[in-house]
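Enquirer: So here's target-v8.cif, just mmCIF, C-alpha atoms:
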```
data_protein
#
loop_
_atom_site.label_atom_id
_atom_site.label_comp_id
_atom_site.auth_asym_id
_atom_site.auth_seq_id
_atom_site.Cartn_x
_atom_site.Cartn_y
_atom_site.Cartn_z
CA MET P 1 -15.27 9.11 10.41
CA SER P 2 -15.57 10.71 13.84
CA GLU P 3 -16.86 8.87 16.91
CA ALA P 4 -20.57 8.85 17.63
CA ARG P 5 -21.53 10.95 20.66
CA THR P 6 -24.36 9.61 22.84
CA PHE P 7 -26.03 11.38 25.72
CA LYS P 8 -29.30 11.56 27.66
CA VAL P 9 -31.88 14.21 26.82
CA LYS P 10 -34.93 14.91 28.95
CA SER P 11 -37.55 16.51 26.70
CA SER P 12 -40.01 19.13 27.91
CA LEU P 13 -42.77 16.74 26.75
CA ALA P 14 -41.55 14.06 29.17
CA LYS P 15 -41.60 16.55 32.06
CA GLN P 16 -45.09 17.80 31.18
CA LEU P 17 -46.65 14.36 30.77
CA PHE P 18 -45.79 13.37 34.31
CA GLU P 19 -46.80 16.63 35.98
CA PRO P 20 -49.96 16.39 38.08
CA GLY P 21 -53.20 17.69 36.52
CA GLY P 22 -54.48 17.51 32.96
CA ARG P 23 -56.82 14.91 31.51
CA LEU P 24 -56.93 11.24 32.37
CA VAL P 25 -55.77 8.97 29.55
CA ARG P 26 -59.21 7.40 29.13
CA ASP P 27 -60.91 10.82 29.02
CA ALA P 28 -58.37 12.17 26.53
CA GLU P 29 -58.92 9.15 24.30
CA ARG P 30 -62.71 9.37 24.50
CA LEU P 31 -62.81 13.11 23.80
CA ALA P 32 -60.39 12.75 20.89
CA GLY P 33 -62.52 9.95 19.42
CA GLU P 34 -65.65 12.07 19.71
CA ALA P 35 -63.99 15.08 18.11
CA LEU P 36 -62.63 12.95 15.29
CA ASP P 37 -66.02 11.39 14.61
CA THR P 38 -67.46 14.77 13.58
CA HIS P 39 -65.26 14.58 10.46
CA ARG P 40 -66.31 11.11 9.35
CA ASP P 41 -69.03 11.96 6.79
CA GLU P 42 -66.98 14.66 5.12
CA ALA P 43 -63.90 12.42 4.97
CA MET P 44 -65.90 9.60 3.36
CA ALA P 45 -67.31 12.03 0.79
CA MET P 46 -63.77 13.19 0.02
CA ILE P 47 -62.64 9.59 -0.44
CA ALA P 48 -65.50 9.02 -2.94
CA ALA P 49 -64.45 12.18 -4.80
CA THR P 50 -60.84 10.96 -4.87
CA LEU P 51 -61.99 7.67 -6.41
CA ASP P 52 -63.89 9.67 -9.07
CA GLU P 53 -60.66 11.50 -9.80
CA LEU P 54 -58.78 8.21 -10.04
CA GLU P 55 -61.41 6.88 -12.44
CA ALA P 56 -60.90 9.93 -14.68
CA VAL P 57 -57.12 9.37 -14.64
CA CYS P 58 -57.66 5.69 -15.57
CA ALA P 59 -60.04 6.64 -18.38
CA GLU P 60 -57.48 9.03 -19.81
CA ALA P 61 -54.68 6.45 -19.37
CA ALA P 62 -52.09 9.09 -20.10
CA GLU P 63 -48.45 8.15 -20.29
CA GLY P 64 -46.50 9.12 -17.19
CA ALA P 65 -49.59 9.26 -14.95
CA GLY P 66 -48.03 6.84 -12.44
CA LYS P 67 -47.12 9.49 -9.89
CA ARG P 68 -50.64 10.93 -10.08
CA VAL P 69 -52.12 7.47 -9.41
CA TYR P 70 -49.76 6.96 -6.46
CA ALA P 71 -50.67 10.39 -5.05
CA LEU P 72 -54.40 9.63 -5.27
CA GLY P 73 -53.89 6.27 -3.54
CA ALA P 74 -51.89 8.03 -0.81
CA LYS P 75 -54.70 10.56 -0.41
CA VAL P 76 -57.21 7.76 0.18
CA ILE P 77 -54.89 6.29 2.83
CA ASP P 78 -54.52 9.70 4.50
CA LEU P 79 -58.27 10.17 4.79
CA ALA P 80 -59.26 6.57 5.51
CA ALA P 81 -56.55 6.09 8.12
CA PHE P 82 -58.36 8.10 10.79
CA PHE P 83 -61.37 5.77 10.89
CA ASP P 84 -62.12 2.10 11.11
CA THR P 85 -62.00 1.53 7.36
CA GLY P 86 -59.90 -1.67 7.45
CA PRO P 87 -60.40 -3.16 3.95
CA LEU P 88 -60.55 0.24 2.22
CA HIS P 89 -57.27 1.27 3.84
CA ASP P 90 -55.71 -2.06 2.85
CA ALA P 91 -56.90 -1.73 -0.76
CA ALA P 92 -55.53 1.82 -1.02
CA TRP P 93 -52.25 0.65 0.46
CA SER P 94 -52.10 -2.12 -2.14
CA LEU P 95 -52.74 0.43 -4.90
CA CYS P 96 -49.79 2.53 -3.66
CA GLU P 97 -47.60 -0.56 -3.43
CA VAL P 98 -48.43 -1.69 -6.97
CA SER P 99 -48.07 1.76 -8.52
CA ASP P 100 -44.81 2.47 -6.65
CA ARG P 101 -43.38 -0.83 -7.87
CA MET P 102 -44.45 -0.16 -11.48
CA ILE P 103 -43.01 3.37 -11.40
CA ASN P 104 -39.67 2.01 -10.14
CA ALA P 105 -39.66 -0.77 -12.74
CA GLY P 106 -40.50 1.63 -15.56
CA ILE P 107 -43.55 -0.37 -16.66
CA TRP P 108 -47.23 0.42 -16.37
CA HIS P 109 -50.30 -1.84 -16.39
CA TRP P 110 -53.63 0.04 -16.24
CA PRO P 111 -55.83 -3.06 -15.61
CA SER P 112 -54.04 -3.55 -12.25
CA ILE P 113 -55.00 0.00 -11.29
CA GLN P 114 -58.59 -0.40 -12.51
CA VAL P 115 -59.05 -3.56 -10.44
CA HIS P 116 -57.95 -1.65 -7.35
CA LEU P 117 -60.33 1.19 -8.18
CA GLN P 118 -63.30 -1.17 -8.54
CA ALA P 119 -62.41 -2.98 -5.32
CA MET P 120 -62.22 0.29 -3.40
CA ARG P 121 -65.58 1.40 -4.80
CA LEU P 122 -67.23 -1.87 -3.72
CA ILE P 123 -65.67 -1.72 -0.26
CA LEU P 124 -66.69 1.92 0.22
CA ALA P 125 -70.25 1.15 -0.95
CA SER P 126 -70.53 -1.63 1.63
CA GLY P 127 -69.56 0.72 4.47
CA CYS P 128 -65.95 -0.53 4.65
CA ARG P 129 -67.11 -3.61 6.55
CA THR P 130 -64.78 -6.53 6.96
CA GLY P 131 -66.40 -9.71 5.68
CA ARG P 132 -66.19 -12.48 3.13
CA THR P 133 -66.64 -10.10 0.17
CA SER P 134 -63.97 -7.67 1.31
CA GLN P 135 -61.65 -10.59 2.09
CA THR P 136 -62.11 -12.02 -1.41
CA LEU P 137 -61.43 -8.60 -2.94
CA LEU P 138 -58.30 -8.10 -0.85
CA ASP P 139 -57.05 -11.61 -1.69
CA GLY P 140 -57.39 -10.70 -5.39
CA LEU P 141 -55.49 -7.44 -4.89
CA ARG P 142 -52.79 -9.28 -2.97
CA LYS P 143 -52.27 -11.60 -5.91
CA ILE P 144 -51.75 -8.56 -8.13
CA SER P 145 -49.35 -6.85 -5.75
CA GLN P 146 -47.32 -10.05 -5.27
CA ARG P 147 -46.97 -10.69 -8.98
CA PRO P 148 -43.29 -10.44 -9.94
CA MET A 1 -50.60 17.69 27.90
CA ALA A 2 -52.31 20.77 29.30
CA ARG A 3 -49.03 22.70 29.10
CA SER A 4 -47.77 21.36 25.79
CA SER A 5 -47.33 23.21 22.51
CA VAL A 6 -47.61 20.92 19.52
CA LEU A 7 -46.78 21.63 15.88
CA LEU A 8 -48.92 19.70 13.37
CA VAL A 9 -47.75 19.60 9.75
CA ASP A 10 -49.76 18.01 6.93
CA HIS A 11 -50.31 19.16 3.36
CA ASN A 12 -53.84 17.76 3.29
CA GLN A 13 -56.20 20.28 4.92
CA LYS A 14 -58.71 17.62 5.98
CA SER A 15 -56.06 15.39 7.53
CA LEU A 16 -54.68 18.39 9.38
CA ASP A 17 -58.15 19.24 10.72
CA MET A 18 -58.68 15.64 11.88
CA LEU A 19 -55.29 15.55 13.55
CA SER A 20 -56.11 18.85 15.20
CA SER A 21 -59.41 17.45 16.54
CA ILE A 22 -57.54 14.54 18.09
CA PHE A 23 -55.15 16.89 19.89
CA GLN A 24 -58.05 19.07 20.97
CA GLY A 25 -59.45 15.94 22.63
CA PHE A 26 -56.08 15.27 24.28
CA GLY A 27 -56.35 18.74 25.83
CA VAL A 28 -53.08 20.26 24.60
CA LYS A 29 -52.46 23.85 25.57
CA GLU A 30 -51.61 25.04 22.10
CA GLN A 31 -51.57 23.52 18.62
CA ILE A 32 -49.94 25.22 15.70
CA LYS A 33 -51.03 23.94 12.28
CA ARG A 34 -49.03 24.33 9.10
CA MET A 35 -49.54 22.95 5.58
CA THR A 36 -45.99 23.37 4.25
CA THR A 37 -42.60 22.47 5.67
CA GLU A 38 -41.41 25.95 4.76
CA ASP A 39 -43.96 27.43 7.17
CA ALA A 40 -43.16 24.74 9.74
CA ILE A 41 -39.48 25.76 9.66
CA LYS A 42 -40.47 29.35 10.44
CA VAL A 43 -42.43 28.14 13.47
CA VAL A 44 -39.49 26.05 14.70
CA ASP A 45 -37.22 29.08 14.34
CA GLU A 46 -39.55 31.33 16.33
CA ARG A 47 -41.26 29.21 18.95
CA ASP A 48 -40.58 26.72 21.74
CA LEU A 49 -42.28 23.43 20.91
CA ASP A 50 -42.81 20.29 22.96
CA LEU A 51 -43.78 17.91 20.15
CA ILE A 52 -43.86 17.92 16.35
CA LEU A 53 -46.10 15.68 14.22
CA ILE A 54 -45.38 15.71 10.51
CA ASP A 55 -46.69 13.74 7.56
CA SER A 56 -43.89 12.00 5.70
CA SER A 57 -45.22 12.75 2.21
CA MET A 58 -45.09 16.54 2.23
CA PRO A 59 -44.53 18.04 -1.23
CA ASP A 60 -41.21 19.83 -1.90
CA MET A 61 -39.33 19.23 1.37
CA ASP A 62 -40.81 16.02 2.78
CA GLY A 63 -41.17 15.03 6.43
CA TYR A 64 -37.88 13.10 6.38
CA GLU A 65 -35.89 16.07 5.09
CA PHE A 66 -37.58 18.35 7.62
CA THR A 67 -36.57 16.05 10.48
CA ARG A 68 -33.03 15.83 9.15
CA TRP A 69 -32.89 19.61 9.06
CA LEU A 70 -34.26 19.86 12.60
CA ARG A 71 -31.75 17.36 14.00
CA ARG A 72 -28.71 18.74 12.20
CA ASP A 73 -29.22 22.44 11.52
CA THR A 74 -30.97 23.81 14.59
CA PRO A 75 -29.38 24.63 17.94
CA ALA A 76 -29.89 22.63 21.13
CA PRO A 77 -32.39 22.13 22.71
CA VAL A 78 -34.58 22.70 19.63
CA ARG A 79 -32.88 19.82 17.83
CA TYR A 80 -33.94 17.40 20.57
CA THR A 81 -37.68 18.13 20.12
CA PRO A 82 -39.56 14.82 19.82
CA VAL A 83 -40.81 14.21 16.28
CA ILE A 84 -43.56 11.76 15.36
CA MET A 85 -43.49 10.93 11.66
CA LEU A 86 -46.82 9.87 10.19
CA VAL A 87 -46.50 7.45 7.30
CA GLY A 88 -49.28 6.28 5.00
CA HIS A 89 -47.51 4.20 2.38
CA ALA A 90 -43.72 4.16 2.48
CA ALA A 91 -42.48 4.22 -1.11
CA GLN A 92 -39.49 1.92 -1.68
CA SER A 93 -37.20 4.88 -2.27
CA LYS A 94 -38.12 6.42 1.10
CA VAL A 95 -37.67 3.47 3.45
CA GLN A 96 -34.02 4.27 4.13
CA ASN A 97 -34.83 7.95 4.68
CA SER A 98 -37.40 6.91 7.24
CA ARG A 99 -34.80 4.91 9.15
CA ASP A 100 -32.10 7.57 8.97
CA CYS A 101 -33.94 10.89 9.36
CA GLY A 102 -33.84 10.93 13.16
CA ALA A 103 -37.57 10.85 13.95
CA SER A 104 -38.41 9.85 17.51
CA PHE A 105 -41.20 7.58 16.33
CA VAL A 106 -42.48 6.54 12.92
CA VAL A 107 -46.19 5.83 13.13
CA THR A 108 -47.70 4.00 10.20
CA LYS A 109 -51.34 4.64 9.48
CA PRO A 110 -54.14 3.72 10.31
CA LEU A 111 -54.04 6.31 13.03
CA THR A 112 -56.49 6.11 15.92
CA PRO A 113 -56.49 8.40 18.99
CA ASN A 114 -55.53 5.37 21.06
CA VAL A 115 -52.47 4.57 18.91
CA LEU A 116 -51.34 8.19 18.90
CA LEU A 117 -51.78 8.65 22.64
CA GLN A 118 -49.88 5.43 23.39
CA ARG A 119 -46.98 6.60 21.21
CA ILE A 120 -46.91 10.00 22.90
CA LEU A 121 -46.91 8.39 26.35
CA TRP A 122 -44.14 6.07 25.23
CA LEU A 123 -42.10 9.10 24.14
CA GLY A 124 -42.72 10.66 27.53
CA SER A 125 -40.94 7.78 29.21
CA ASP A 126 -38.39 7.31 26.42
CA GLU A 127 -35.08 6.28 27.99
CA ARG A 128 -33.14 6.08 24.73
CA GLN A 129 -29.96 8.06 24.39
CA PHE A 130 -29.56 10.77 21.77
CA VAL A 131 -26.97 9.93 19.12
CA GLU A 132 -24.89 12.43 17.16
CA ALA A 133 -22.71 10.93 14.41
CA ASP A 134 -21.67 11.83 10.88
CA THR A 135 -24.28 9.57 9.40
CA TYR A 136 -27.10 9.89 11.91
CA VAL A 137 -28.47 12.40 14.40
CA GLY A 138 -31.48 11.47 16.52
CA PRO A 139 -32.69 9.16 19.25
CA ASP A 140 -31.01 5.77 19.42
CA ARG A 141 -32.83 3.58 16.90
CA ARG A 142 -32.33 0.53 19.04
CA VAL A 143 -35.03 -0.01 21.61
CA ARG A 144 -33.07 -2.90 23.17
CA ASN A 145 -29.44 -2.16 23.79
CA PHE A 146 -27.96 -5.54 22.90
CA GLY A 147 -25.70 -4.01 20.26
CA PRO A 148 -23.82 -6.09 17.69
CA PRO A 149 -22.61 -9.56 18.77
CA LEU A 150 -19.48 -9.86 20.88
CA GLY A 151 -16.32 -9.50 18.84
CA VAL A 152 -18.05 -7.50 16.10
CA PRO A 153 -16.96 -3.84 15.78
CA GLY A 154 -19.49 -1.17 16.75
CA ARG A 155 -20.40 -2.29 20.27
CA ARG A 156 -20.84 0.49 22.81
CA SER A 157 -19.79 0.32 26.46
CA GLY A 158 -23.43 0.53 27.58
CA ASP A 159 -24.63 -2.37 25.43
CA LEU A 160 -26.13 -5.29 27.28
CA SER A 161 -24.36 -8.58 26.89
CA GLU A 162 -25.84 -11.36 24.78
CA HIS A 163 -23.09 -13.68 25.94
CA VAL A 164 -24.33 -16.74 27.80
CA GLY A 165 -21.76 -17.79 30.35
CA ALA A 166 -20.79 -21.31 31.41
CA ALA A 167 -23.30 -23.14 33.61
CA SER A 168 -22.64 -22.60 37.29
CA GLU A 169 -24.86 -25.45 38.54
CA ALA A 170 -25.41 -29.07 37.51
CA ASN A 171 -27.97 -29.71 34.74
CA MET A 172 -31.51 -30.38 35.93
CA GLU A 173 -33.07 -33.82 35.50
CA GLN A 174 -35.53 -34.02 32.59
CA SER A 175 -38.29 -35.17 34.96
CA ALA A 176 -37.78 -32.05 37.06
CA ILE A 177 -38.04 -29.86 33.95
CA ASP A 178 -41.20 -31.72 32.89
CA MET A 179 -42.76 -31.08 36.26
CA MET A 180 -42.03 -27.37 35.95
CA MET A 181 -43.59 -27.22 32.49
CA LYS A 182 -46.57 -29.47 33.07
CA PRO A 183 -47.56 -30.11 36.69
CA MET A 184 -49.68 -33.28 37.01
CA LYS A 185 -51.94 -34.69 39.69
CA VAL A 186 -50.51 -37.67 41.50
CA GLN A 187 -52.25 -40.39 43.51
CA LEU A 188 -50.65 -40.94 46.88
#
```
Could you take the file, read its structure, and then write that structure out as structure tokens?
Expert:
Amino acid sequence: MSEARTFKVKSSLAKQLFEPGGRLVRDAERLAGEALDTHRDEAMAMIAATLDELEAVCAEAAEGAGKRVYALGAKVIDLAAFFDTGPLHDAAWSLCEVSDRMINAGIWHWPSIQVHLQAMRLILASGCRTGRTSQTLLDGLRKISQRP
Amino acid sequence: MARSSVLLVDHNQKSLDMLSSIFQGFGVKEQIKRMTTEDAIKVVDERDLDLILIDSSMPDMDGYEFTRWLRRDTPAPVRYTPVIMLVGHAAQSKVQNSRDCGASFVVTKPLTPNVLLQRILWLGSDERQFVEADTYVGPDRRVRNFGPPLGVPGRRSGDLSEHVGAASEANMEQSAIDMMMKPMKVQL
């Protein structure tokens, strides 16, 4: 194996960030937050539609649907991740974790998926608020994802 | 970032739009949006870019493979372009790819404007060296340059020492240490 070569690189980004002018950090953050907020309603509607899709996949319970379930969970994460959706994001992450583990192990357990779906529906319906209910739901999902 | 050109790559149209809104707020000069890595490769081949953001879970060629391609198969200075990898859930099979692909920063979602801006600013003052080896091409993955322990192969000349030398002064009294840790009022 050849030797590793290490050297310094100054990126154009580094030069630009420290040039005078441009927006202040606090203004950039505020404007970005405002621009992002205009997408919130549509993103939440898309998450609800994704859960409908997941419900249809669960109802069909087709063999080999694991990758589809994982992809739908990942889609919820992608959309929820831009907003303060704490428990919903965590539940979707747990769904991906459980389905990824089952795919790798070559086993599949639909009730584990359905529990995640119901938890995400309840969390979404309560405005993704963090509270005792969401905590109880997430504790339940954690028990599923930690099951050997 | 008023002079920066940023390439945003995400297969989910809505996520791409939201990412784009964030960068609009940051005031970047130019943002180029692409929904496939194939199209992103064309952009890299044709344009000068200051930053690339790519979602890890792209279909066909994923974000890890794209970054590997960028770091290994493009000429300098294109190959040094900072890459921020956006990760939702890292599937078990992809964890090693994430470590080895050569991304400048792996950002796990949730993704707020604050988190993203802090990571970009961090990259702006990134002092890490660039590494080119058979098994890895990209920024040094070690943020602290302690390197492997003394006597273990793989240390580099620039690594900081973890070795604690012999004491050069007499040990302090316990009472003196106590006073340093917990100063108390005394009655004189």
Enquirer: So what do you get for atom CA of Ala28 of chain P versus atom CA of Gly25 of chain A, distance-wise?
Expert: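 These atoms are spaced 5.5 Å apart.
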Enquirer: With only C-alpha atoms as the counted atoms, please give the residues lying no more than 8 Å from segment 38-40 of chain P, apart from itself and same-chain residues fewer than 4 positions off, as a list in words.
Expert: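 Listing them by chain and then by number gives Glu34, Met44 and Phe83 of chain P; Met18 of chain A.
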Enquirer: For a quick check of understanding, using only C-alpha atoms, which of P:Lys8, P:Arg26, P:Arg132, P:Arg68 has the smallest distance to chain A?
Expert: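 Looking at the shortest contact to chain A, the residue is P:Lys8.
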Enquirer: Translate the PyMOL selection byres ((chain P and resi 135) around 12) into a concrete residue list for this structure, as a VMD selection string.
Expert: chain P and resid 86 to 88 90 to 91 119 122 to 123 128 to 134 136 to 142
Enquirer: Mind checking which residues fall within 10 Å of Leu51 of chain P, counting only C-alpha atoms, ignoring those fewer than 3 positions away in the same chain, and posting them as JSON, numbers by chain?
Expert: {"P": [45, 46, 47, 48, 54, 55, 56, 57, 72, 73, 75, 76, 117, 118, 120, 121, 124]}
Enquirer: Would you translate the PyMOL selection byres ((chain P and resi 15) around 12) into the concrete set of residues it matches in this file, as a PyMOL selection string?
Expert: (chain P and resi 9-14+16-20) or (chain A and resi 1-4+50+121+123-126)
Enquirer: Starting from the PyMOL selection byres ((chain A and resi 79) around 12), expand the selection into actual residues of this file and give them as a PyMOL selection string.
Expert: (chain P and resi 9+11) or (chain A and resi 44-45+48-52+66-78+80-83+102-104+130-132+137-139)
Enquirer: Would you save the residues from that selection as a compact mmCIF listing (two decimals), in the coordinates of the input, using C-alpha atoms?
Expert:
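selection01.txt written:
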```txt
# COMPACT_ATOMS: atom_id res chain seq x y z
CA VAL P 9 -31.88 14.21 26.82
CA SER P 11 -37.55 16.51 26.70
CA VAL A 44 -39.49 26.05 14.70
CA ASP A 45 -37.22 29.08 14.34
CA ASP A 48 -40.58 26.72 21.74
CA LEU A 49 -42.28 23.43 20.91
CA ASP A 50 -42.81 20.29 22.96
CA LEU A 51 -43.78 17.91 20.15
CA ILE A 52 -43.86 17.92 16.35
CA PHE A 66 -37.58 18.35 7.62
CA THR A 67 -36.57 16.05 10.48
CA ARG A 68 -33.03 15.83 9.15
CA TRP A 69 -32.89 19.61 9.06
CA LEU A 70 -34.26 19.86 12.60
CA ARG A 71 -31.75 17.36 14.00
CA ARG A 72 -28.71 18.74 12.20
CA ASP A 73 -29.22 22.44 11.52
CA THR A 74 -30.97 23.81 14.59
CA PRO A 75 -29.38 24.63 17.94
CA ALA A 76 -29.89 22.63 21.13
CA PRO A 77 -32.39 22.13 22.71
CA VAL A 78 -34.58 22.70 19.63
CA TYR A 80 -33.94 17.40 20.57
CA THR A 81 -37.68 18.13 20.12
CA PRO A 82 -39.56 14.82 19.82
CA VAL A 83 -40.81 14.21 16.28
CA GLY A 102 -33.84 10.93 13.16
CA ALA A 103 -37.57 10.85 13.95
CA SER A 104 -38.41 9.85 17.51
CA PHE A 130 -29.56 10.77 21.77
CA VAL A 131 -26.97 9.93 19.12
CA GLU A 132 -24.89 12.43 17.16
CA VAL A 137 -28.47 12.40 14.40
CA GLY A 138 -31.48 11.47 16.52
CA PRO A 139 -32.69 9.16 19.25
```
Enquirer: Check the smallest atom-to-atom distance from each of P:Phe7, P:Val98, P:Gly22, P:Thr50 to Lys29 of chain A using only C-alpha atoms, then report the winner.
Expert: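 With only C-alpha atoms as the atom set, the closest residue is P:Gly22.
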Enquirer: Atom CA of Arg119 of chain A and atom CA of Leu8 of chain A, how far apart in Å?
Expert: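 Calculated distance between atom CA of Leu8 of chain A and atom CA of Arg119 of chain A is 15.4 Å.
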Enquirer: Got a sec: who's within 12 Å of Asp17 of chain A, counting all atoms listed in the file, leaving out chain neighbours fewer than 3 positions off, as an MDAnalysis selection string?
Expert: (chainID P and resid 35:40 42:43 78:79 82) or (chainID A and resid 8:14 20:24 31:35)
Enquirer: For C-alpha atoms, I'd like the residues from the last selection saved as an mmCIF file, in the frame of the given file.
Expert:
```
data_model
loop_
_atom_site.group_PDB
_atom_site.id
_atom_site.type_symbol
_atom_site.label_atom_id
_atom_site.label_comp_id
_atom_site.auth_asym_id
_atom_site.auth_seq_id
_atom_site.Cartn_x
_atom_site.Cartn_y
_atom_site.Cartn_z
ATOM 1 C CA ALA P 35 -63.990 15.080 18.110
ATOM 2 C CA LEU P 36 -62.630 12.950 15.290
ATOM 3 C CA ASP P 37 -66.020 11.390 14.610
ATOM 4 C CA THR P 38 -67.460 14.770 13.580
ATOM 5 C CA HIS P 39 -65.260 14.580 10.460
ATOM 6 C CA ARG P 40 -66.310 11.110 9.350
ATOM 7 C CA GLU P 42 -66.980 14.660 5.120
ATOM 8 C CA ALA P 43 -63.900 12.420 4.970
ATOM 9 C CA ASP P 78 -54.520 9.700 4.500
ATOM 10 C CA LEU P 79 -58.270 10.170 4.790
ATOM 11 C CA PHE P 82 -58.360 8.100 10.790
ATOM 12 C CA LEU A 8 -48.920 19.700 13.370
ATOM 13 C CA VAL A 9 -47.750 19.600 9.750
ATOM 14 C CA ASP A 10 -49.760 18.010 6.930
ATOM 15 C CA HIS A 11 -50.310 19.160 3.360
ATOM 16 C CA ASN A 12 -53.840 17.760 3.290
ATOM 17 C CA GLN A 13 -56.200 20.280 4.920
ATOM 18 C CA LYS A 14 -58.710 17.620 5.980
ATOM 19 C CA SER A 20 -56.110 18.850 15.200
ATOM 20 C CA SER A 21 -59.410 17.450 16.540
ATOM 21 C CA ILE A 22 -57.540 14.540 18.090
ATOM 22 C CA PHE A 23 -55.150 16.890 19.890
ATOM 23 C CA GLN A 24 -58.050 19.070 20.970
ATOM 24 C CA GLN A 31 -51.570 23.520 18.620
ATOM 25 C CA ILE A 32 -49.940 25.220 15.700
ATOM 26 C CA LYS A 33 -51.030 23.940 12.280
ATOM 27 C CA ARG A 34 -49.030 24.330 9.100
ATOM 28 C CA MET A 35 -49.540 22.950 5.580
#
```
Enquirer: At what distance in Å, to one decimal, does atom CA of Cys101 of chain A lie from atom CA of Asp140 of chain A?
Expert: 11.7 Å
Enquirer: Which residues come within 7 Å of segment 94-97 of chain P, counting only C-alpha atoms, excluding same-chain residues fewer than 4 positions away, as a ChimeraX atom specification?
Expert: /P:70,73-74,90,101,113,116,141,145 /A:89
Enquirer: Which polymer residues have any atom within 9 Å of an atom of Ile103 of chain P, counting all atoms listed in the file, with same-chain residues fewer than 6 positions away left out, as an MDAnalysis selection string?
Expert: chainID P and resid 64 66:67
Enquirer: Which one is closest to Ala62 of chain P: P:Lys143, P:Trp108, P:Gly127, P:Arg5? Count all atoms listed in the file.
Expert: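 Of the candidates, the smallest distance to Ala62 of chain P is held by P:Trp108.
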Enquirer: Measuring between all atoms listed in the file, which one of A:Thr108, A:Ser56, A:Asn97, A:Asn114 shows the shortest distance to chain P?
Expert: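 Distance minimum relative to chain P lands on A:Asn114.
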Enquirer: With distances taken over all atoms listed in the file, which of P:Gln146, P:Thr6, P:Ser99, P:Gln114 is nearest to chain A?
Expert: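 Answer, going by the shortest atom-to-atom distance: P:Thr6.
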